[in-house]
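Data first, discussion second: the structure below is written as structure tokens.
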Amino acid sequence: LTALCELLMRYPDVLLNVEIKPAADSREVADAAIVELGKHGYLERCVFTSFDADVIAHIHDRHGLRTQGFPGENMSNFVAGPGGTYSKMWAVGISMKQLTPDIVRQFRGMGLLAWCYCPDDEEQV
């Protein structure tokens with residue numbers, strides 16, 4: 001990560017989607033990544049992504065940073081309702097298999113940016 005941060009100094013307009021994989025030490029990994037990215041002044045360029053709602057909540061609650069989660073049925077440890085996982089997300093990643101105008105409207109109505117992932121061809125893009 002340090003080497004990547006040094007390389008990115010030459011590319012100040014690059015935004016970073018930092019995915020924290022679900023694991024027993026995910027919170028510690030997130031904290032370490034945040035410290036390193038912070039040393040380089042990159043936190044404003046980052047969104048932190050995870051399929052683990054505990055990691056999303058940790059990053060949101062402890063660090064106050066932008067997070068991207070996923071529809072509740074695609075996340076582990078998802079908490080429904082007011083104050084739940086969606087309230088700790090800045091954006092939601094929607095699989096191309098789930099992407100519809102209705103789901104985009106639903107998440108936008110919740111104040112979340114609706115993003116998609118894994119388009120496979122030009123038409124999907």
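For the structure tokens, the naming scheme is as follows: chains receive sequential letters (A, B, ...) according to their order of presentation, residues are indexed from 1 within each chain, and ligands are indexed from 1 in presentation order.
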
*Just list the residues in chain A DSSP gives strand (DSSP E or B) on the backbone, as a list in words.*
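Across chain A, those assigned strand (DSSP E or B) are Leu16, Asn17, Val18, Glu19, Cys46, Val47, Phe48, Thr49, Asp52, Thr67, Gln68, Gly69, Ser76, Ala91, Val92, Gly93, Ile94, Ser95, Leu113, Ala114, Trp115, Cys116 and Tyr117 of chain A.
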
*Nearest to Thr67 (chain A) among A:Tyr11, A:Phe51, A:Trp90, A:Trp115, with distances taken over only C-alpha atoms: which residue is it?*
A:Trp90

_Near-Ala32 (chain A) list (12 Å; only C-alpha atoms; drop same-chain fewer than 5 positions) as an MDAnalysis selection string_ = chainID A and resid 1:2 20 25:27 37:39 59 63

*If you run DSSP on this backbone, which residues of chain A come out as helix (DSSP H, G or I), and could you give them as a VMD selection string?*
chain A and resid 2 to 8 26 to 39 43 to 45 53 to 63 72 to 74 85 to 88 101 to 109

Residue selection dump (C-alpha atoms) as a CSV table (one decimal), in the first residue's frame:
chain,number,residue,atom,x,y,z
A,2,THR,CA,2.9,2.4,0.7
A,3,ALA,CA,4.3,1.8,-2.7
A,4,LEU,CA,0.9,2.4,-4.3
A,5,CYS,CA,0.5,5.6,-2.3
A,6,GLU,CA,3.9,6.8,-3.5
A,7,LEU,CA,3.0,6.0,-7.1
A,8,LEU,CA,-0.4,7.8,-6.8
A,26,SER,CA,-10.9,-6.8,8.8
A,27,ARG,CA,-11.2,-3.9,11.3
A,28,GLU,CA,-7.5,-4.0,12.0
A,29,VAL,CA,-6.8,-4.1,8.3
A,30,ALA,CA,-9.1,-1.2,7.7
A,31,ASP,CA,-7.5,0.8,10.5
A,32,ALA,CA,-4.0,0.2,9.1
A,33,ALA,CA,-5.1,1.1,5.6
A,34,ILE,CA,-6.7,4.3,6.8
A,35,VAL,CA,-3.5,5.3,8.7
A,36,GLU,CA,-1.3,4.7,5.7
A,37,LEU,CA,-3.7,6.5,3.3
A,38,GLY,CA,-4.0,9.4,5.8
A,39,LYS,CA,-0.2,9.8,6.0
A,43,LEU,CA,-8.5,10.0,2.6
A,44,GLU,CA,-10.6,12.6,0.7
A,45,ARG,CA,-9.9,10.6,-2.4
A,53,ALA,CA,-21.6,-4.6,7.3
A,54,ASP,CA,-19.5,-4.7,10.5
A,55,VAL,CA,-16.6,-3.3,8.6
A,56,ILE,CA,-18.8,-0.6,7.0
A,57,ALA,CA,-20.1,0.4,10.5
A,58,HIS,CA,-16.6,0.4,12.0
A,59,ILE,CA,-15.2,2.7,9.3
A,60,HIS,CA,-18.2,5.0,9.4
A,61,ASP,CA,-18.5,5.2,13.2
A,62,ARG,CA,-14.8,5.3,14.1
A,63,HIS,CA,-13.3,7.3,11.2
A,72,GLY,CA,-28.6,-6.0,2.4
A,73,GLU,CA,-29.1,-9.5,1.1
A,74,ASN,CA,-25.6,-9.4,-0.4
A,85,THR,CA,-26.2,-0.5,7.9
A,86,TYR,CA,-27.7,1.7,5.1
A,87,SER,CA,-27.4,4.7,7.4
A,88,LYS,CA,-23.7,4.2,7.5
A,101,PRO,CA,-34.3,1.5,-12.5
A,102,ASP,CA,-36.5,0.7,-9.5
A,103,ILE,CA,-33.6,-0.4,-7.3
A,104,VAL,CA,-31.6,2.7,-8.3
A,105,ARG,CA,-34.6,4.9,-7.4
A,106,GLN,CA,-35.0,3.0,-4.1
A,107,PHE,CA,-31.4,3.7,-3.0
A,108,ARG,CA,-31.3,7.2,-4.3
A,109,GLY,CA,-34.5,7.8,-2.3

*Which residue out of A:Thr100, A:Gln124, A:Thr49, A:Ser95 has the minimum interatomic distance to Glu19 (chain A) when only C-alpha atoms are used?*
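Among the listed residues, the smallest separation from Glu19 (chain A) belongs to A:Thr49.
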
*Would you please work out which residue, of A:Cys118, A:Lys21, A:Leu65, A:Leu16, is nearest to Ile94 (chain A) when using only C-alpha atoms?*
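Result for the nearest residue to Ile94 (chain A): A:Cys118.
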